[in-house]
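A.B. asks: PDB, C-alpha atoms, pLDDT in the B column, file final.pdb:
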```pdb
ATOM      1  CA  MET A 270      -5.893  57.666 -76.491  1.00 43.00           C
ATOM      2  CA  LYS A 271      -2.702  59.758 -76.704  1.00 53.00           C
ATOM      3  CA  GLN A 272      -2.063  63.031 -74.894  1.00 51.00           C
ATOM      4  CA  LYS A 273      -3.376  65.887 -77.009  1.00 60.00           C
ATOM      5  CA  GLU A 274      -0.405  67.436 -78.789  1.00 63.00           C
ATOM      6  CA  TYR A 275      -1.403  71.009 -77.987  1.00 67.00           C
ATOM      7  CA  LEU A 276      -1.476  70.489 -74.213  1.00 75.00           C
ATOM      8  CA  LYS A 277       1.693  71.687 -72.530  1.00 91.00           C
ATOM      9  CA  TYR A 278       3.352  69.964 -69.604  1.00 95.00           C
ATOM     10  CA  LYS A 279       3.320  72.012 -66.413  1.00 98.00           C
ATOM     11  CA  ILE A 280       6.658  71.651 -64.631  1.00 98.00           C
ATOM     12  CA  CYS A 281       7.150  73.137 -61.172  1.00 98.00           C
ATOM     13  CA  VAL A 282      10.557  74.377 -60.087  1.00 98.00           C
ATOM     14  CA  SER A 283      10.841  74.153 -56.331  1.00 98.00           C
ATOM     15  CA  GLY A 284      13.869  75.565 -54.570  1.00 97.00           C
ATOM     16  CA  ALA A 285      15.307  77.921 -52.021  1.00 95.00           C
ATOM     17  CA  ALA A 286      14.085  81.498 -51.902  1.00 94.00           C
ATOM     18  CA  SER A 287      17.076  82.340 -49.697  1.00 92.00           C
ATOM     19  CA  THR A 288      20.057  80.896 -51.558  1.00 92.00           C
ATOM     20  CA  GLY A 289      23.086  81.564 -49.330  1.00 91.00           C
ATOM     21  CA  HIS A 290      23.525  77.829 -48.676  1.00 94.00           C
ATOM     22  CA  CYS A 291      23.111  76.774 -52.320  1.00 95.00           C
ATOM     23  CA  SER A 292      25.993  75.870 -54.610  1.00 95.00           C
ATOM     24  CA  LYS A 293      27.745  78.760 -56.346  1.00 96.00           C
ATOM     25  CA  THR A 294      26.173  77.683 -59.640  1.00 95.00           C
ATOM     26  CA  ALA A 295      22.619  77.112 -58.321  1.00 96.00           C
ATOM     27  CA  LEU A 296      21.100  80.326 -59.672  1.00 96.00           C
ATOM     28  CA  GLU A 297      22.583  79.890 -63.147  1.00 96.00           C
ATOM     29  CA  LEU A 298      21.464  76.235 -63.098  1.00 97.00           C
ATOM     30  CA  SER A 299      17.978  77.435 -62.112  1.00 98.00           C
ATOM     31  CA  LYS A 300      17.939  79.877 -64.995  1.00 98.00           C
ATOM     32  CA  GLU A 301      19.065  77.160 -67.416  1.00 98.00           C
ATOM     33  CA  THR A 302      16.365  74.831 -66.072  1.00 98.00           C
ATOM     34  CA  GLY A 303      13.750  77.486 -66.820  1.00 98.00           C
ATOM     35  CA  ARG A 304      15.172  77.880 -70.325  1.00 98.00           C
ATOM     36  CA  GLU A 305      15.029  74.116 -70.903  1.00 98.00           C
ATOM     37  CA  ILE A 306      11.410  73.900 -69.744  1.00 98.00           C
ATOM     38  CA  ALA A 307      10.502  76.617 -72.276  1.00 98.00           C
ATOM     39  CA  ARG A 308      12.597  74.953 -75.025  1.00 97.00           C
ATOM     40  CA  HIS A 309      10.616  71.760 -74.428  1.00 96.00           C
ATOM     41  CA  ASN A 310       7.365  73.724 -74.879  1.00 95.00           C
ATOM     42  CA  GLY A 311       6.503  73.303 -71.212  1.00 96.00           C
ATOM     43  CA  VAL A 312       4.930  75.756 -68.807  1.00 98.00           C
ATOM     44  CA  LEU A 313       7.040  76.711 -65.797  1.00 98.00           C
ATOM     45  CA  VAL A 314       5.106  76.751 -62.528  1.00 98.00           C
ATOM     46  CA  THR A 315       6.638  78.476 -59.491  1.00 98.00           C
ATOM     47  CA  GLY A 316       5.761  79.600 -56.000  1.00 97.00           C
ATOM     48  CA  ALA A 317       5.923  83.210 -57.279  1.00 97.00           C
ATOM     49  CA  THR A 318       8.863  83.851 -55.006  1.00 97.00           C
ATOM     50  CA  ILE A 319      12.496  84.976 -55.071  1.00 97.00           C
ATOM     51  CA  GLY A 320      15.660  82.873 -55.329  1.00 97.00           C
ATOM     52  CA  VAL A 321      15.694  79.616 -57.312  1.00 97.00           C
ATOM     53  CA  PRO A 322      12.082  79.831 -58.629  1.00 98.00           C
ATOM     54  CA  TYR A 323      12.606  83.462 -59.659  1.00 98.00           C
ATOM     55  CA  TRP A 324      15.774  82.645 -61.600  1.00 98.00           C
ATOM     56  CA  ALA A 325      13.996  79.747 -63.305  1.00 98.00           C
ATOM     57  CA  ALA A 326      11.263  82.223 -64.326  1.00 98.00           C
ATOM     58  CA  ILE A 327      13.878  84.593 -65.769  1.00 98.00           C
ATOM     59  CA  GLY A 328      15.329  81.737 -67.821  1.00 98.00           C
ATOM     60  CA  ALA A 329      11.924  80.635 -69.097  1.00 98.00           C
ATOM     61  CA  LYS A 330      11.008  84.183 -70.148  1.00 98.00           C
ATOM     62  CA  GLU A 331      14.373  84.532 -71.960  1.00 98.00           C
ATOM     63  CA  GLU A 332      13.128  81.670 -74.165  1.00 98.00           C
ATOM     64  CA  ASN A 333       9.642  83.222 -74.497  1.00 97.00           C
ATOM     65  CA  GLY A 334       8.180  80.568 -72.209  1.00 97.00           C
ATOM     66  CA  ILE A 335       5.011  80.727 -70.142  1.00 98.00           C
ATOM     67  CA  VAL A 336       5.375  81.146 -66.370  1.00 98.00           C
ATOM     68  CA  ILE A 337       2.569  80.697 -63.836  1.00 98.00           C
ATOM     69  CA  GLY A 338       3.125  81.543 -60.179  1.00 98.00           C
ATOM     70  CA  PHE A 339       1.139  80.480 -57.129  1.00 98.00           C
ATOM     71  CA  SER A 340       1.468  83.071 -54.395  1.00 98.00           C
ATOM     72  CA  PRO A 341       1.003  82.448 -50.680  1.00 97.00           C
ATOM     73  CA  ALA A 342      -0.757  85.837 -50.508  1.00 98.00           C
ATOM     74  CA  ALA A 343      -4.473  86.531 -50.946  1.00 98.00           C
ATOM     75  CA  SER A 344      -3.956  89.578 -53.192  1.00 98.00           C
ATOM     76  CA  GLU A 345      -1.372  91.308 -55.317  1.00 97.00           C
ATOM     77  CA  LYS A 346      -1.080  94.005 -52.652  1.00 97.00           C
ATOM     78  CA  ALA A 347      -0.266  91.429 -49.950  1.00 97.00           C
ATOM     79  CA  HIS A 348       2.027  89.569 -52.350  1.00 97.00           C
ATOM     80  CA  VAL A 349       4.141  92.701 -52.848  1.00 97.00           C
ATOM     81  CA  ARG A 350       3.798  94.510 -49.502  1.00 97.00           C
ATOM     82  CA  THR A 351       3.402  91.762 -46.894  1.00 97.00           C
ATOM     83  CA  TYR A 352       5.346  88.894 -48.451  1.00 97.00           C
ATOM     84  CA  ARG A 353       7.709  91.181 -50.404  1.00 97.00           C
ATOM     85  CA  LEU A 354       7.567  88.974 -53.484  1.00 97.00           C
ATOM     86  CA  PRO A 355       8.097  89.964 -57.137  1.00 96.00           C
ATOM     87  CA  THR A 356       5.503  90.067 -59.896  1.00 96.00           C
ATOM     88  CA  ASP A 357       7.825  90.274 -62.901  1.00 97.00           C
ATOM     89  CA  PHE A 358       8.817  87.333 -65.124  1.00 97.00           C
ATOM     90  CA  HIS A 359       5.404  85.679 -64.638  1.00 97.00           C
ATOM     91  CA  ASP A 360       2.506  85.620 -67.086  1.00 98.00           C
ATOM     92  CA  VAL A 361      -0.068  84.756 -64.437  1.00 98.00           C
ATOM     93  CA  ILE A 362       0.069  84.842 -60.648  1.00 98.00           C
ATOM     94  CA  VAL A 363      -2.679  83.057 -58.728  1.00 98.00           C
ATOM     95  CA  TYR A 364      -3.144  84.586 -55.264  1.00 98.00           C
ATOM     96  CA  THR A 365      -4.049  81.563 -53.140  1.00 97.00           C
ATOM     97  CA  GLY A 366      -4.334  83.212 -49.731  1.00 96.00           C
ATOM     98  CA  PHE A 367      -3.169  79.930 -48.165  1.00 97.00           C
ATOM     99  CA  ASN A 368       0.225  81.036 -46.809  1.00 95.00           C
ATOM    100  CA  TYR A 369       3.232  78.929 -47.749  1.00 95.00           C
ATOM    101  CA  SER A 370       2.115  75.449 -46.738  1.00 93.00           C
ATOM    102  CA  GLY A 371      -1.277  75.722 -48.464  1.00 96.00           C
ATOM    103  CA  ARG A 372       0.326  77.301 -51.519  1.00 97.00           C
ATOM    104  CA  ASN A 373       2.805  74.398 -51.675  1.00 97.00           C
ATOM    105  CA  LEU A 374      -0.023  71.875 -51.925  1.00 96.00           C
ATOM    106  CA  ILE A 375      -1.752  73.724 -54.779  1.00 97.00           C
ATOM    107  CA  LEU A 376       1.574  74.386 -56.510  1.00 97.00           C
ATOM    108  CA  THR A 377       2.643  70.750 -56.625  1.00 97.00           C
ATOM    109  CA  ARG A 378      -0.796  69.307 -57.324  1.00 97.00           C
ATOM    110  CA  SER A 379      -1.323  71.621 -60.300  1.00 96.00           C
ATOM    111  CA  SER A 380       1.937  70.469 -61.902  1.00 98.00           C
ATOM    112  CA  ASP A 381       2.674  67.409 -64.021  1.00 97.00           C
ATOM    113  CA  ALA A 382       6.134  67.139 -62.452  1.00 98.00           C
ATOM    114  CA  VAL A 383       8.285  68.858 -59.825  1.00 98.00           C
ATOM    115  CA  ILE A 384      11.968  69.766 -60.059  1.00 98.00           C
ATOM    116  CA  ILE A 385      13.990  70.253 -56.887  1.00 98.00           C
ATOM    117  CA  ILE A 386      16.912  72.705 -57.041  1.00 98.00           C
ATOM    118  CA  CYS A 387      18.858  73.457 -53.844  1.00 97.00           C
ATOM    119  CA  GLY A 388      16.161  74.161 -51.259  1.00 95.00           C
ATOM    120  CA  ARG A 389      15.338  74.344 -47.591  1.00 95.00           C
ATOM    121  CA  MET A 390      12.396  73.105 -45.486  1.00 95.00           C
ATOM    122  CA  GLY A 391       9.715  74.500 -47.838  1.00 93.00           C
ATOM    123  CA  THR A 392      11.337  72.684 -50.746  1.00 96.00           C
ATOM    124  CA  LEU A 393      11.352  69.491 -48.703  1.00 96.00           C
ATOM    125  CA  ASN A 394       7.622  70.065 -48.075  1.00 96.00           C
ATOM    126  CA  GLU A 395       6.951  70.431 -51.801  1.00 97.00           C
ATOM    127  CA  PHE A 396       9.077  67.353 -52.513  1.00 97.00           C
ATOM    128  CA  SER A 397       7.198  65.239 -49.961  1.00 97.00           C
ATOM    129  CA  ILE A 398       3.810  66.315 -51.361  1.00 97.00           C
ATOM    130  CA  ALA A 399       4.920  65.400 -54.887  1.00 97.00           C
ATOM    131  CA  PHE A 400       6.399  62.106 -53.649  1.00 97.00           C
ATOM    132  CA  GLU A 401       3.219  61.167 -51.751  1.00 96.00           C
ATOM    133  CA  ASP A 402       1.150  62.098 -54.821  1.00 96.00           C
ATOM    134  CA  ASP A 403       3.361  59.758 -56.912  1.00 95.00           C
ATOM    135  CA  LYS A 404       4.355  62.573 -59.293  1.00 97.00           C
ATOM    136  CA  PRO A 405       7.415  62.502 -61.518  1.00 98.00           C
ATOM    137  CA  ILE A 406      10.217  64.370 -59.748  1.00 98.00           C
ATOM    138  CA  GLY A 407      13.536  65.669 -61.040  1.00 98.00           C
ATOM    139  CA  VAL A 408      16.365  66.465 -58.646  1.00 98.00           C
ATOM    140  CA  LEU A 409      19.140  68.769 -59.867  1.00 98.00           C
ATOM    141  CA  THR A 410      22.083  67.256 -58.038  1.00 97.00           C
ATOM    142  CA  GLY A 411      25.045  69.404 -57.100  1.00 96.00           C
ATOM    143  CA  SER A 412      22.828  72.451 -56.517  1.00 97.00           C
ATOM    144  CA  GLY A 413      23.199  72.262 -52.722  1.00 96.00           C
ATOM    145  CA  GLY A 414      20.707  72.294 -49.888  1.00 96.00           C
ATOM    146  CA  THR A 415      17.764  69.912 -49.838  1.00 95.00           C
ATOM    147  CA  ALA A 416      18.382  68.713 -53.418  1.00 97.00           C
ATOM    148  CA  ASP A 417      21.643  67.100 -52.414  1.00 96.00           C
ATOM    149  CA  LYS A 418      19.956  65.285 -49.511  1.00 96.00           C
ATOM    150  CA  ILE A 419      16.912  63.888 -51.351  1.00 96.00           C
ATOM    151  CA  LYS A 420      18.492  60.596 -52.427  1.00 96.00           C
ATOM    152  CA  GLU A 421      19.463  59.777 -48.831  1.00 95.00           C
ATOM    153  CA  ILE A 422      16.050  60.852 -47.514  1.00 95.00           C
ATOM    154  CA  VAL A 423      14.299  58.585 -50.032  1.00 96.00           C
ATOM    155  CA  GLU A 424      16.605  55.627 -49.314  1.00 94.00           C
ATOM    156  CA  THR A 425      16.189  55.916 -45.540  1.00 95.00           C
ATOM    157  CA  SER A 426      12.435  56.516 -45.578  1.00 91.00           C
ATOM    158  CA  TYR A 427      11.583  52.969 -46.688  1.00 89.00           C
ATOM    159  CA  ARG A 428       8.832  53.989 -49.109  1.00 88.00           C
ATOM    160  CA  GLY A 429      10.419  52.851 -52.351  1.00 89.00           C
ATOM    161  CA  PRO A 430      12.307  54.872 -54.946  1.00 89.00           C
ATOM    162  CA  GLY A 431       9.385  56.950 -56.196  1.00 90.00           C
ATOM    163  CA  LYS A 432       9.367  58.334 -59.738  1.00 95.00           C
ATOM    164  CA  ILE A 433      12.552  60.336 -59.361  1.00 97.00           C
ATOM    165  CA  VAL A 434      15.325  61.180 -61.802  1.00 97.00           C
ATOM    166  CA  TYR A 435      18.609  62.637 -60.594  1.00 98.00           C
ATOM    167  CA  ASN A 436      20.935  64.625 -62.821  1.00 98.00           C
ATOM    168  CA  SER A 437      23.350  67.550 -62.508  1.00 97.00           C
ATOM    169  CA  ASP A 438      22.672  68.844 -66.036  1.00 98.00           C
ATOM    170  CA  PRO A 439      19.426  70.811 -66.564  1.00 98.00           C
ATOM    171  CA  LYS A 440      18.963  69.685 -70.190  1.00 98.00           C
ATOM    172  CA  SER A 441      19.457  66.003 -69.379  1.00 98.00           C
ATOM    173  CA  LEU A 442      17.231  66.325 -66.311  1.00 98.00           C
ATOM    174  CA  ILE A 443      14.379  67.856 -68.339  1.00 97.00           C
ATOM    175  CA  ASP A 444      14.796  65.233 -71.094  1.00 97.00           C
ATOM    176  CA  GLU A 445      14.525  62.409 -68.525  1.00 97.00           C
ATOM    177  CA  LEU A 446      11.653  64.086 -66.669  1.00 97.00           C
ATOM    178  CA  ILE A 447       9.612  64.601 -69.853  1.00 95.00           C
ATOM    179  CA  LYS A 448       9.953  60.877 -70.606  1.00 95.00           C
ATOM    180  CA  LEU A 449       8.536  60.142 -67.142  1.00 94.00           C
ATOM    181  CA  ILE A 450       5.681  62.618 -67.644  1.00 94.00           C
ATOM    182  CA  LYS A 451       4.777  61.089 -71.024  1.00 92.00           C
ATOM    183  CA  LYS A 452       4.850  57.587 -69.566  1.00 90.00           C
ATOM    184  CA  GLU A 453       2.649  58.748 -66.667  1.00 86.00           C
ATOM    185  CA  LYS A 454       0.137  60.434 -69.020  1.00 81.00           C
ATOM    186  CA  GLU A 455      -0.142  57.324 -71.214  1.00 80.00           C
ATOM    187  CA  VAL A 456      -0.882  55.115 -68.209  1.00 68.00           C
ATOM    188  CA  LYS A 457      -3.537  57.487 -66.805  1.00 64.00           C
ATOM    189  CA  ILE A 458      -5.321  57.923 -70.144  1.00 57.00           C
ATOM    190  CA  GLN A 459      -5.600  54.187 -70.925  1.00 53.00           C
TER     191      GLN A 459
END
```
The structure in this file should be written as structure tokens.
C.D. replies:
Amino acid sequence: MKQKEYLKYKICVSGAASTGHCSKTALELSKETGREIARHNGVLVTGATIGVPYWAAIGAKEENGIVIGFSPAASEKAHVRTYRLPTDFHDVIVYTGFNYSGRNLILTRSSDAVIIICGRMGTLNEFSIAFEDDKPIGVLTGSGGTADKIKEIVETSYRGPGKIVYNSDPKSLIDELIKLIKKEKEVKIQ
């Protein structure tokens, strides 16, 4: 049986909230990645945070896309006041109450694929969850931070190549990632 045509792919953008160490083009690349997810009729999933995920959300909304955020906070009040996170550019924010590490697990597991852009330790955590769960992963190379270290981490971890595509162009990355998602869906449905 084929994937139902009306179901949208949920694609998580994982990346640095604090972007001082990212490439100079990382935020614009994040925005373009969000646009491409929307252009491909996908749903952008984020950690409902600032930085890379926020810029991806802006891009998706510019293309009238759907954006779902998973917050580390237990309520909107805590999301805004305690964590100091935004609520704009999202259609739905789920308040997990699980802090960052618990939120990361729900965020990646609820997605069909994960894209890594720049990043720090939290991004590496989301990457490792997706890798261990054998999810399709896209790495936007040249964006700085964790993203530019993933290939070496994978090669030196002796766990195989995973289901990872690497590309420096958001459109090409999304095209390749969607092919992986479709292949994955066909295998699971059979």
A.B. asks: For CA of Gly328 in chain A and CA of Ala295 in chain A, quote the distance in Å rounded to one decimal.
C.D. replies: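 Separating CA of Gly328 in chain A from CA of Ala295 in chain A is a distance of 12.8 Å.
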A.B. asks: On this structure, the PyMOL selection byres ((chain A and resi 371) around 12) would catch which residues? List them as a list of chain:residue names, sorted by chain and number.
C.D. replies: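 Evaluating the PyMOL selection byres ((chain A and resi 371) around 12) on these coordinates yields A:Gly316, A:Phe339, A:Ser340, A:Pro341, A:Ala342, A:Ala343, A:Tyr364, A:Thr365, A:Gly366, A:Phe367, A:Asn368, A:Tyr369, A:Ser370, A:Arg372, A:Asn373, A:Leu374, A:Ile375, A:Leu376, A:Thr377, A:Arg378, A:Gly391, A:Asn394, A:Glu395, A:Ile398.
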A.B. asks: Kindly save the residues from that selection, with C-alpha atoms included, as a CSV table (one decimal), in the coordinates of the input.
C.D. replies:
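Here's the written file again-v7.csv:
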```csv
chain,number,residue,atom,x,y,z
A,316,GLY,CA,5.8,79.6,-56.0
A,339,PHE,CA,1.1,80.5,-57.1
A,340,SER,CA,1.5,83.1,-54.4
A,341,PRO,CA,1.0,82.4,-50.7
A,342,ALA,CA,-0.8,85.8,-50.5
A,343,ALA,CA,-4.5,86.5,-50.9
A,364,TYR,CA,-3.1,84.6,-55.3
A,365,THR,CA,-4.0,81.6,-53.1
A,366,GLY,CA,-4.3,83.2,-49.7
A,367,PHE,CA,-3.2,79.9,-48.2
A,368,ASN,CA,0.2,81.0,-46.8
A,369,TYR,CA,3.2,78.9,-47.7
A,370,SER,CA,2.1,75.4,-46.7
A,372,ARG,CA,0.3,77.3,-51.5
A,373,ASN,CA,2.8,74.4,-51.7
A,374,LEU,CA,0.0,71.9,-51.9
A,375,ILE,CA,-1.8,73.7,-54.8
A,376,LEU,CA,1.6,74.4,-56.5
A,377,THR,CA,2.6,70.8,-56.6
A,378,ARG,CA,-0.8,69.3,-57.3
A,391,GLY,CA,9.7,74.5,-47.8
A,394,ASN,CA,7.6,70.1,-48.1
A,395,GLU,CA,7.0,70.4,-51.8
A,398,ILE,CA,3.8,66.3,-51.4
```
A.B. asks: Rounded to one decimal place, report the CA of Lys330 in chain A-CA of Lys418 in chain A distance in Å.
C.D. replies: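 Interatomic distance, CA of Lys330 in chain A to CA of Lys418 in chain A: 29.4 Å.
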A.B. asks: Quick check on the file I pasted: which residues fall under the PyMOL selection byres ((chain A and resi 331) around 12)? Write them as a ChimeraX atom specification.
C.D. replies: /A:300-308,324-330,332-336,358-359
A.B. asks: Expanded to explicit residues, what is the PyMOL selection byres ((chain A and resi 280-290) around 7) for this file, as an MDAnalysis selection string?
C.D. replies: chainID A and resid 278:279 291:292 311:315 318:322 377 380:389 392 413:414
A.B. asks: Using all atoms listed in the file, which of A:Leu446, A:Leu296, A:Leu276, A:Ile419 sits nearest Ile406 in chain A?
C.D. replies: A:Leu446
A.B. asks: Please measure the separation of CA of Tyr352 in chain A and CA of Tyr323 in chain A, giving the value in Å to one decimal.
C.D. replies: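 CA of Tyr323 in chain A lies 14.4 Å from CA of Tyr352 in chain A.
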A.B. asks: Select, from A:Lys277, A:Glu424, A:Glu453, A:Glu345, the residue with the minimum atom-to-atom distance to His309 in chain A, counting only C-alpha atoms.
C.D. replies: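 Answer, going by the shortest atom-to-atom distance: A:Lys277.
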A.B. asks: Could you check the closest approach to Leu354 in chain A for each of A:Leu449, A:Ser379, A:Gly338, A:Ile443 and tell me which residue wins, using all atoms listed in the file?
C.D. replies: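 For Leu354 in chain A, the nearest of the candidates is A:Gly338.
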A.B. asks: Identify which of the residues A:Thr356, A:Thr351, A:Thr425, A:Ser412 lies closest to Ile337 in chain A, counting all atoms listed in the file when measuring atom-to-atom distances.
C.D. replies: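 For Ile337 in chain A, the nearest of the given residues is A:Thr356.
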